[in-house]
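Just below is one structure, and these are the notes that go with it.
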Amino acid sequence: MNMQLVLQGNTLDERDVQQLARLCGAASITRIGANACRLGAARPGADIAAYCSARRLDFAFVPGTRKLADMRLLVMDMDSTLISIECIDEIADMAGVKPEVSAITAAAMRGEIDYPESLARRVALLRGLDESALLRVYDERLQLSPGAEVMLAHARSLGIRTLLVSGGFTFFTGRLQQRLGFDDTLANTLEIADGRLTGKIVGAIVDAEAKAARVRETRERMDIGKGSITAIGDGANDLKMMAEAGVSVAYRAKPVVQARADHALNFVSLDGVLNLFN
């Protein structure tokens with residue numbers, strides 16, 4: 001199979017391109033943007049990862065025949081993927097319990113704590129918080145990851161359906177769906193009584209298996225194969241979802257996710273996903 005080495009970074013100097021072309025034995029060099037290029041007929045080598053890490057470059061070996069137009073479904077996580085924050089940590093900050101909640105969040109994303117247990121523990125710490133804090137987080141702290149709007153707009157232009165699956169909360173996924181045009185979303189619903197959070201989730205918790213199940217359901221409904229799906233995530237609870245896709249991308253992800261994903265983006269913005277396709 002003709003493999004291509006995709007290189008991209010916040011800057012991509014010509015000397016880096018030439019050096020990496022030598023390391024992979026590339027037969028051709030094609031620029032695909034000011035800070036991205038494709039090296040044709042490339043061969044993997046241990047020196048490539050070390051060089052790219054030192055130069056803060058993202059690299060990926062991709063099939064030369066892979067085309068974005070062949071994708072039918074784009075699935076992505078919300079917290080620390082589509083957006084740059086963990087919403088529950090910011091809600092916790094307003095409740096005065098951010099250090100406690102952040103520590104549990106980090107452990108869960110590394111896969112050290114069962115996700116449903118970790119979420120239940122974190123949400124319980126929010127009990128009594130005024131529901132207005134949710135809107136403050138959305139208005140004052142929530143920011144899209146760089147490149148998110150460009151990536152989603154390009155996907156829509158090709159008729160690719162988009163699915164946002166999150167272990168976070170419907171308060172945020174619903175607003176992001178309206179803002180960005182997601183075709184479908186899945187998330188947890190915070191229980192609110194008398195204008196305050198009760199510290200509980202309504203219904204079953206959206207965990208790793210629930211995320212994966214929604215991808216399978218969507219795939220069956222669309223009558224498409226795994227090869228037509230791209231999934232993007234950052235935490236351990238995204239791994240099952242990512243395994244349901246033909247192309248999985250770890251975005252600014254935890255080591256356990258980078259180790260199992262097809263590709264990892266650590267330096268470029270989210271629209272760098274587009275460069276992984278012809």
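All residue names refer to the structure tokens as shown: chains lettered A, B, ... in order, residues numbered from 1 in each chain, ligands numbered from 1 in order.
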Cut-off 12 Å: closest stretch 160-186 of chain A/stretch 104-125 of chain A atom pairs per residue, using only C-alpha atoms, as CSV:
residue,atom,partner,partner_atom,distance
A:Ser166,CA,A:Tyr115,CA,11.9
A:Gly167,CA,A:Leu119,CA,8.3
A:Gly168,CA,A:Leu119,CA,8.9
A:Phe169,CA,A:Val123,CA,10.7
9 Å contact set for stretch 4-16 of chain A, only C-alpha atoms, chain neighbours under 6 positions out, as a ChimeraX atom specification = /A:24,26,33-44,51-52,55-64,267-269,272,275-276
Give me the residues near A:Ser132 as a CSV table (one decimal) with C-alpha atoms, in the first residue's frame, where near means some atom within 9 Å (using only C-alpha atoms) and where sequence neighbours in that chain fewer than 5 positions away do not count.
chain,number,residue,atom,x,y,z
A,137,VAL,CA,-19.7,28.7,32.4
A,195,GLY,CA,-33.2,26.2,40.7
A,196,ARG,CA,-30.3,24.3,42.3
message = Counting only C-alpha atoms, which residue out of A:Asp223, A:Asp77, A:Asn278, A:Arg179 sits closest to A:Ala208?
response = A:Asp77
task = Please provide as a count of residues only all residues within 10 Å of A:Leu152, with the sequence filter that same-chain residues fewer than 4 positions apart are discarded (counting only C-alpha atoms).
result = 14
query = Looking only at the backbone, which of the residues in stretch 123-227 of chain A does DSSP tag as alpha helix (DSSP H), as a VMD selection string?
reply = chain A and resid 123 to 124 132 to 140 148 to 157 170 to 180 208 to 222
inquiry  = I'd like the neighbourhood of A:Ala213 as JSON, numbers by chain, where a residue qualifies if any of its atoms comes within 8 Å (using only C-alpha atoms), though same-chain residues fewer than 4 positions away should be ignored.
reply    = {"A": [209, 217, 241]}
Just the selected residues (C-alpha atoms), exported as a compact mmCIF listing (two decimals), in the first residue's frame, please.
# COMPACT_ATOMS: atom_id res chain seq x y z
CA GLU A 209 -20.11 1.94 26.32
CA GLU A 217 -26.81 2.83 16.32
CA MET A 241 -16.30 5.04 20.70
task = For A:Glu244, work out the shell of residues within 9 Å, counting only C-alpha atoms and skipping chain neighbours fewer than 4 positions away, then give it as a list of chain:residue names.
result =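 Surrounding residues, per the criterion: A:Ala212, A:Ala213, A:Val215, A:Arg216, A:Lys226, A:Ile229, A:Thr230, A:Ala231, A:Leu239, A:Lys240, A:Ser248.
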